[in-house]
file input_21.pdb (PDB, C-alpha atoms)
MODEL        1
ATOM      1  CA  MET A   2      -5.950   6.334 -17.025  1.00  0.00           C
ATOM      2  CA  PRO A   3      -5.162   4.278 -13.922  1.00  0.00           C
ATOM      3  CA  LYS A   4      -2.017   5.321 -12.070  1.00  0.00           C
ATOM      4  CA  GLY A   5      -0.829   1.748 -11.870  1.00  0.00           C
ATOM      5  CA  LYS A   6      -1.688  -1.803 -10.963  1.00  0.00           C
ATOM      6  CA  ILE A   7      -0.316  -4.626  -8.916  1.00  0.00           C
ATOM      7  CA  THR A   8      -0.422  -8.317  -9.735  1.00  0.00           C
ATOM      8  CA  VAL A   9       0.361 -11.181  -7.387  1.00  0.00           C
ATOM      9  CA  GLU A  10       1.216 -14.597  -8.756  1.00  0.00           C
ATOM     10  CA  GLY A  11       2.140 -16.988  -5.970  1.00  0.00           C
ATOM     11  CA  THR A  12       5.093 -15.417  -4.164  1.00  0.00           C
ATOM     12  CA  LEU A  13       5.894 -12.805  -6.837  1.00  0.00           C
ATOM     13  CA  ALA A  14       4.334  -9.317  -6.904  1.00  0.00           C
ATOM     14  CA  THR A  15       4.676  -6.912  -9.806  1.00  0.00           C
ATOM     15  CA  LEU A  16       3.938  -3.207  -9.502  1.00  0.00           C
ATOM     16  CA  SER A  17       3.291  -1.559 -12.889  1.00  0.00           C
ATOM     17  CA  LEU A  18       3.113   2.227 -13.075  1.00  0.00           C
ATOM     18  CA  ALA A  19       1.302   4.363 -15.644  1.00  0.00           C
ATOM     19  CA  SER A  20       4.694   5.674 -16.785  1.00  0.00           C
ATOM     20  CA  GLY A  21       5.550   2.189 -18.037  1.00  0.00           C
ATOM     21  CA  ALA A  22       7.978   1.352 -15.224  1.00  0.00           C
ATOM     22  CA  SER A  23       7.551  -2.081 -13.688  1.00  0.00           C
ATOM     23  CA  PHE A  24       9.004  -3.568 -10.500  1.00  0.00           C
ATOM     24  CA  SER A  25       8.860  -7.183  -9.331  1.00  0.00           C
ATOM     25  CA  LYS A  26       9.618  -8.490  -5.854  1.00  0.00           C
ATOM     26  CA  SER A  27       9.302 -11.835  -4.117  1.00  0.00           C
ATOM     27  CA  LEU A  28       7.490 -12.501  -0.852  1.00  0.00           C
ATOM     28  CA  GLU A  29      10.837 -13.633   0.574  1.00  0.00           C
ATOM     29  CA  ASP A  30      12.299 -10.148  -0.134  1.00  0.00           C
ATOM     30  CA  LEU A  31       9.579  -8.419   1.892  1.00  0.00           C
ATOM     31  CA  LYS A  32      10.940  -7.096   5.200  1.00  0.00           C
ATOM     32  CA  THR A  33       7.709  -5.678   6.659  1.00  0.00           C
ATOM     33  CA  PHE A  34       4.093  -5.607   5.480  1.00  0.00           C
ATOM     34  CA  TYR A  35       1.977  -2.771   6.881  1.00  0.00           C
ATOM     35  CA  CYS A  36      -1.789  -2.737   6.546  1.00  0.00           C
ATOM     36  CA  LEU A  37      -2.746   0.907   7.123  1.00  0.00           C
ATOM     37  CA  LEU A  38      -6.369   1.387   8.147  1.00  0.00           C
ATOM     38  CA  VAL A  39      -6.926   5.069   7.533  1.00  0.00           C
ATOM     39  CA  GLY A  40     -10.023   6.919   8.583  1.00  0.00           C
ATOM     40  CA  SER A  41     -11.889   8.838  11.196  1.00  0.00           C
ATOM     41  CA  ASP A  42     -15.308   8.295  12.706  1.00  0.00           C
ATOM     42  CA  VAL A  43     -15.823  12.053  12.508  1.00  0.00           C
ATOM     43  CA  PHE A  44     -15.054  12.402   8.786  1.00  0.00           C
ATOM     44  CA  ALA A  45     -16.215   8.910   7.679  1.00  0.00           C
ATOM     45  CA  ASN A  46     -13.244   8.651   5.338  1.00  0.00           C
ATOM     46  CA  ASP A  47     -12.268   5.005   5.794  1.00  0.00           C
ATOM     47  CA  PHE A  48      -9.917   3.294   3.366  1.00  0.00           C
ATOM     48  CA  THR A  49      -6.969   0.910   3.422  1.00  0.00           C
ATOM     49  CA  CYS A  50      -3.400   1.211   2.147  1.00  0.00           C
ATOM     50  CA  TYR A  51      -0.724  -1.438   2.007  1.00  0.00           C
ATOM     51  CA  LEU A  52       2.869  -0.422   2.691  1.00  0.00           C
ATOM     52  CA  LEU A  53       5.412  -2.998   1.551  1.00  0.00           C
ATOM     53  CA  CYS A  54       8.980  -2.435   2.735  1.00  0.00           C
ATOM     54  CA  PHE A  55      11.835  -4.114   0.897  1.00  0.00           C
ATOM     55  CA  ASP A  56      15.582  -3.496   1.354  1.00  0.00           C
ATOM     56  CA  ASP A  57      15.807  -1.169  -1.640  1.00  0.00           C
ATOM     57  CA  GLN A  58      12.192  -0.060  -2.243  1.00  0.00           C
ATOM     58  CA  VAL A  59       9.016   0.924  -0.432  1.00  0.00           C
ATOM     59  CA  TRP A  60       5.638   0.471  -2.145  1.00  0.00           C
ATOM     60  CA  LEU A  61       2.588   2.402  -0.900  1.00  0.00           C
ATOM     61  CA  VAL A  62      -0.442   0.776  -2.522  1.00  0.00           C
ATOM     62  CA  PRO A  63      -3.887   2.312  -1.880  1.00  0.00           C
ATOM     63  CA  GLU A  64      -6.796  -0.148  -1.890  1.00  0.00           C
ATOM     64  CA  MET A  65      -8.236   1.487  -5.026  1.00  0.00           C
ATOM     65  CA  THR A  66      -5.162   0.451  -7.044  1.00  0.00           C
ATOM     66  CA  ALA A  67      -6.064  -2.260  -9.544  1.00  0.00           C
ATOM     67  CA  GLY A  68      -5.133  -5.644  -8.081  1.00  0.00           C
ATOM     68  CA  ALA A  69      -4.477  -4.335  -4.549  1.00  0.00           C
ATOM     69  CA  VAL A  70      -6.975  -6.800  -3.077  1.00  0.00           C
ATOM     70  CA  THR A  71      -4.660  -9.655  -4.074  1.00  0.00           C
ATOM     71  CA  LEU A  72      -2.059  -8.359  -1.593  1.00  0.00           C
ATOM     72  CA  LYS A  73      -4.240  -9.731   1.198  1.00  0.00           C
ATOM     73  CA  SER A  74      -3.038 -13.213   0.234  1.00  0.00           C
ATOM     74  CA  TRP A  75       0.431 -12.199   1.442  1.00  0.00           C
ATOM     75  CA  PHE A  76      -0.704 -10.967   4.853  1.00  0.00           C
ATOM     76  CA  SER A  77      -1.184 -14.330   6.588  1.00  0.00           C
ATOM     77  CA  PRO A  78       2.224 -15.841   5.647  1.00  0.00           C
ATOM     78  CA  ILE A  79       3.978 -12.609   6.623  1.00  0.00           C
ATOM     79  CA  ASN A  80       1.960 -12.359   9.849  1.00  0.00           C
ATOM     80  CA  GLU A  81       3.120 -15.838  10.896  1.00  0.00           C
ATOM     81  CA  THR A  82       6.754 -14.688  10.652  1.00  0.00           C
ATOM     82  CA  GLY A  83       6.116 -11.544  12.713  1.00  0.00           C
ATOM     83  CA  ARG A  84       6.873  -9.184   9.828  1.00  0.00           C
ATOM     84  CA  SER A  85       3.417  -7.611   9.553  1.00  0.00           C
ATOM     85  CA  VAL A  86       1.856  -4.656  11.279  1.00  0.00           C
ATOM     86  CA  VAL A  87      -1.713  -3.371  11.263  1.00  0.00           C
ATOM     87  CA  ALA A  88      -1.873   0.350  11.986  1.00  0.00           C
ATOM     88  CA  GLN A  89      -4.924   2.558  12.528  1.00  0.00           C
ATOM     89  CA  LEU A  90      -4.423   6.171  11.383  1.00  0.00           C
ATOM     90  CA  ASP A  91      -6.877   9.048  11.598  1.00  0.00           C
ATOM     91  CA  SER A  92      -5.549  10.491   8.335  1.00  0.00           C
ATOM     92  CA  LEU A  93      -2.577  10.261   6.008  1.00  0.00           C
ATOM     93  CA  PRO A  94       0.076  12.980   6.249  1.00  0.00           C
ATOM     94  CA  ARG A  95      -0.719  16.037   4.114  1.00  0.00           C
ATOM     95  CA  ALA A  96       2.375  15.468   1.969  1.00  0.00           C
ATOM     96  CA  TRP A  97       0.894  12.126   0.811  1.00  0.00           C
ATOM     97  CA  ARG A  98      -2.372  13.696  -0.349  1.00  0.00           C
ATOM     98  CA  LYS A  99      -3.201  14.980  -3.807  1.00  0.00           C
ATOM     99  CA  LYS A 100      -3.696  18.691  -4.354  1.00  0.00           C
ATOM    100  CA  TYR A 101      -6.721  19.830  -6.363  1.00  0.00           C
ATOM    101  CA  GLY A 102      -6.599  23.426  -7.581  1.00  0.00           C
ATOM    102  CA  PHE A 103      -7.356  25.860  -4.790  1.00  0.00           C
ATOM    103  CA  CYS A 104      -8.823  23.173  -2.531  1.00  0.00           C
ATOM    104  CA  ARG A 105      -6.264  20.975  -0.829  1.00  0.00           C
ATOM    105  CA  VAL A 106      -7.576  17.577   0.177  1.00  0.00           C
TER     106      VAL A 106
ENDMDL
END
call {"tool": "encode", "arguments": {"input": "input_21.pdb", "output": "C-alpha cells"}}
result
Amino acid sequence: MPKGKITVEGTLATLSLASGASFSKSLEDLKTFYCLLVGSDVFANDFTCYLLCFDDQVWLVPEMTAGAVTLKSWFSPINETGRSVVAQLDSLPRAWRKKYGFCRV
C-alpha cells in the first residue's frame, strides 16, 4: 500500500496519507520550497525530495510519492519570489531513513 500521495490542482496541493489523514494548502501559504537533491557519486544513490514549509506544517515529499512530480509546477512561481532553495546533500540524516530488521539503511 502506498504511504501517501500528493495532488496539485492549480494553486492548491493536497497531501493524502495512508492513514486516511488529508491536508490541503495553497501556493500562497507556502513560505519556502526546498528541492533536495540527495545523492553521492560514490554510492550512486541519487534521488530528489521536496520540502514544503508552511507556517503550521512541513511536508517532506520524496520523489517516489505518487503525484510528487506535479510539485515541479510550483517551483518556477516560487523561485520568482525568492522563496525557493535547491540544496545538494550527500545523504539524508539517519533519523529520516527507514530501518529494516538488523540492517539499517
call {"tool": "atom_distance", "arguments": {"input": "input_21.pdb", "atom1": "atom CA of Gln89 of chain A", "atom2": "atom CA of Leu37 of chain A"}}
result
6.1 Å
call {"tool": "closest_residue", "arguments": {"input": "input_21.pdb", "among": "A:Val86, A:Ala67, A:Val39, A:Cys50", "to": "Thr15 of chain A", "atoms": "all atoms listed in the file"}}
result
A:Ala67
call {"tool": "resolve_selection", "arguments": {"input": "input_21.pdb", "expression": "the PyMOL selection byres ((chain A and resi 56) around 12)", "output": "PDB file with C-alpha atoms, in the frame of the given file"}}
result
ATOM      1  CA  LYS A  26       9.618  -8.490  -5.854  1.00  0.00           C
ATOM      2  CA  SER A  27       9.302 -11.835  -4.117  1.00  0.00           C
ATOM      3  CA  GLU A  29      10.837 -13.633   0.574  1.00  0.00           C
ATOM      4  CA  ASP A  30      12.299 -10.148  -0.134  1.00  0.00           C
ATOM      5  CA  LEU A  31       9.579  -8.419   1.892  1.00  0.00           C
ATOM      6  CA  LYS A  32      10.940  -7.096   5.200  1.00  0.00           C
ATOM      7  CA  THR A  33       7.709  -5.678   6.659  1.00  0.00           C
ATOM      8  CA  LEU A  53       5.412  -2.998   1.551  1.00  0.00           C
ATOM      9  CA  CYS A  54       8.980  -2.435   2.735  1.00  0.00           C
ATOM     10  CA  PHE A  55      11.835  -4.114   0.897  1.00  0.00           C
ATOM     11  CA  ASP A  57      15.807  -1.169  -1.640  1.00  0.00           C
ATOM     12  CA  GLN A  58      12.192  -0.060  -2.243  1.00  0.00           C
ATOM     13  CA  VAL A  59       9.016   0.924  -0.432  1.00  0.00           C
ATOM     14  CA  TRP A  60       5.638   0.471  -2.145  1.00  0.00           C
TER      15      TRP A  60
END
call {"tool": "resolve_selection", "arguments": {"input": "input_21.pdb", "expression": "the PyMOL selection byres ((chain A and resi 12) around 6)", "output": "number ranges by chain"}}
result
A: 11, 13, 27-28
call {"tool": "closest_residue", "arguments": {"input": "input_21.pdb", "among": "A:Cys36, A:Ala22, A:Gly83, A:Ser77", "to": "Glu64 of chain A", "atoms": "only C-alpha atoms"}}
result
A:Cys36
call {"tool": "resolve_selection", "arguments": {"input": "input_21.pdb", "expression": "the PyMOL selection byres ((chain A and resi 62) around 6)", "output": "PyMOL selection string"}}
result
chain A and resi 50-51+61+63
call {"tool": "closest_residue", "arguments": {"input": "input_21.pdb", "among": "A:Ser25, A:Ser20, A:Thr8, A:Thr49", "to": "Val87 of chain A", "atoms": "all atoms listed in the file"}}
result
A:Thr49
call {"tool": "closest_residue", "arguments": {"input": "input_21.pdb", "among": "A:Gly5, A:Leu52, A:Pro78, A:Asp91", "to": "Phe24 of chain A", "atoms": "all atoms listed in the file"}}
result
A:Gly5
call {"tool": "atom_distance", "arguments": {"input": "input_21.pdb", "atom1": "atom CA of Lys4 of chain A", "atom2": "atom CA of Ser85 of chain A"}}
result
25.8 Å
call {"tool": "atom_distance", "arguments": {"input": "input_21.pdb", "atom1": "atom CA of Gly68 of chain A", "atom2": "atom CA of Asp47 of chain A"}}
result
18.9 Å
call {"tool": "closest_residue", "arguments": {"input": "input_21.pdb", "among": "A:Thr66, A:Leu72, A:Thr82, A:Tyr35", "to": "Val9 of chain A", "atoms": "all atoms listed in the file"}}
result
A:Leu72
call {"tool": "closest_residue", "arguments": {"input": "input_21.pdb", "among": "A:Ala88, A:Leu38, A:Ala19, A:Ala14", "to": "Thr71 of chain A", "atoms": "all atoms listed in the file"}}
result
A:Ala14
call {"tool": "decode", "arguments": {"input": "input_21.pdb", "residues": "segment 4-38 of chain A", "atoms": "N, CA and C atoms", "output": "compact mmCIF listing (two decimals), in the first residue's frame"}}
result
# COMPACT_ATOMS: atom_id res chain seq x y z
N LYS A 4 2.34 4.86 0.83
CA LYS A 4 2.32 5.60 2.08
C LYS A 4 1.53 6.89 1.97
N GLY A 5 1.28 7.33 0.78
CA GLY A 5 0.52 8.56 0.59
C GLY A 5 0.62 9.02 -0.85
N LYS A 6 -0.05 10.14 -1.12
CA LYS A 6 0.04 10.73 -2.45
C LYS A 6 -0.20 12.22 -2.33
N ILE A 7 0.24 12.92 -3.34
CA ILE A 7 0.04 14.36 -3.38
C ILE A 7 -0.60 14.72 -4.71
N THR A 8 -1.56 15.61 -4.66
CA THR A 8 -2.20 16.09 -5.88
C THR A 8 -2.10 17.61 -5.91
N VAL A 9 -1.86 18.14 -7.10
CA VAL A 9 -1.76 19.58 -7.29
C VAL A 9 -2.78 19.98 -8.34
N GLU A 10 -3.68 20.86 -7.95
CA GLU A 10 -4.68 21.38 -8.87
C GLU A 10 -4.57 22.91 -8.84
N GLY A 11 -3.92 23.46 -9.84
CA GLY A 11 -3.72 24.91 -9.87
C GLY A 11 -2.82 25.35 -8.74
N THR A 12 -3.36 26.14 -7.81
CA THR A 12 -2.56 26.63 -6.69
C THR A 12 -2.87 25.91 -5.38
N LEU A 13 -3.57 24.78 -5.46
CA LEU A 13 -3.93 24.02 -4.26
C LEU A 13 -3.27 22.64 -4.30
N ALA A 14 -2.55 22.30 -3.23
CA ALA A 14 -1.93 20.97 -3.10
C ALA A 14 -2.61 20.22 -1.96
N THR A 15 -2.82 18.94 -2.17
CA THR A 15 -3.42 18.10 -1.14
C THR A 15 -2.51 16.90 -0.91
N LEU A 16 -2.13 16.72 0.35
CA LEU A 16 -1.31 15.59 0.76
C LEU A 16 -2.22 14.61 1.47
N SER A 17 -2.34 13.39 0.92
CA SER A 17 -3.19 12.35 1.50
C SER A 17 -2.29 11.23 2.01
N LEU A 18 -2.45 10.88 3.27
CA LEU A 18 -1.64 9.84 3.89
C LEU A 18 -2.37 8.51 3.89
N ALA A 19 -1.63 7.42 4.03
CA ALA A 19 -2.22 6.09 4.05
C ALA A 19 -3.16 5.91 5.25
N SER A 20 -2.94 6.68 6.29
CA SER A 20 -3.78 6.59 7.49
C SER A 20 -5.17 7.18 7.28
N GLY A 21 -5.35 7.87 6.14
CA GLY A 21 -6.63 8.50 5.86
C GLY A 21 -6.63 10.00 6.09
N ALA A 22 -5.59 10.51 6.77
CA ALA A 22 -5.49 11.95 7.01
C ALA A 22 -5.20 12.66 5.69
N SER A 23 -5.74 13.86 5.57
CA SER A 23 -5.55 14.64 4.35
C SER A 23 -5.34 16.10 4.74
N PHE A 24 -4.38 16.75 4.06
CA PHE A 24 -4.05 18.14 4.33
C PHE A 24 -4.01 18.90 3.02
N SER A 25 -4.60 20.07 2.98
CA SER A 25 -4.60 20.90 1.78
C SER A 25 -4.00 22.26 2.11
N LYS A 26 -3.16 22.75 1.20
CA LYS A 26 -2.53 24.06 1.35
C LYS A 26 -2.49 24.74 0.00
N SER A 27 -2.49 26.05 0.03
CA SER A 27 -2.43 26.87 -1.17
C SER A 27 -0.98 27.30 -1.44
N LEU A 28 -0.69 27.56 -2.69
CA LEU A 28 0.63 28.06 -3.08
C LEU A 28 0.95 29.35 -2.34
N GLU A 29 -0.05 30.17 -2.09
CA GLU A 29 0.16 31.44 -1.39
C GLU A 29 0.58 31.22 0.07
N ASP A 30 0.22 30.07 0.65
CA ASP A 30 0.58 29.76 2.05
C ASP A 30 2.00 29.24 2.19
N LEU A 31 2.62 28.87 1.08
CA LEU A 31 3.95 28.28 1.10
C LEU A 31 5.00 29.35 1.41
N LYS A 32 5.77 29.13 2.48
CA LYS A 32 6.81 30.08 2.87
C LYS A 32 8.11 29.83 2.11
N THR A 33 8.53 28.56 2.06
CA THR A 33 9.76 28.19 1.36
C THR A 33 9.59 26.82 0.72
N PHE A 34 10.10 26.69 -0.50
CA PHE A 34 10.06 25.44 -1.25
C PHE A 34 11.51 24.98 -1.44
N TYR A 35 11.84 23.84 -0.86
CA TYR A 35 13.19 23.29 -0.99
C TYR A 35 13.14 22.11 -1.95
N CYS A 36 14.02 22.09 -2.90
CA CYS A 36 14.23 20.94 -3.77
C CYS A 36 15.54 20.32 -3.30
N LEU A 37 15.46 19.16 -2.65
CA LEU A 37 16.62 18.50 -2.08
C LEU A 37 17.13 17.44 -3.05
N LEU A 38 18.30 17.68 -3.59
CA LEU A 38 18.94 16.71 -4.50
C LEU A 38 19.89 15.89 -3.65
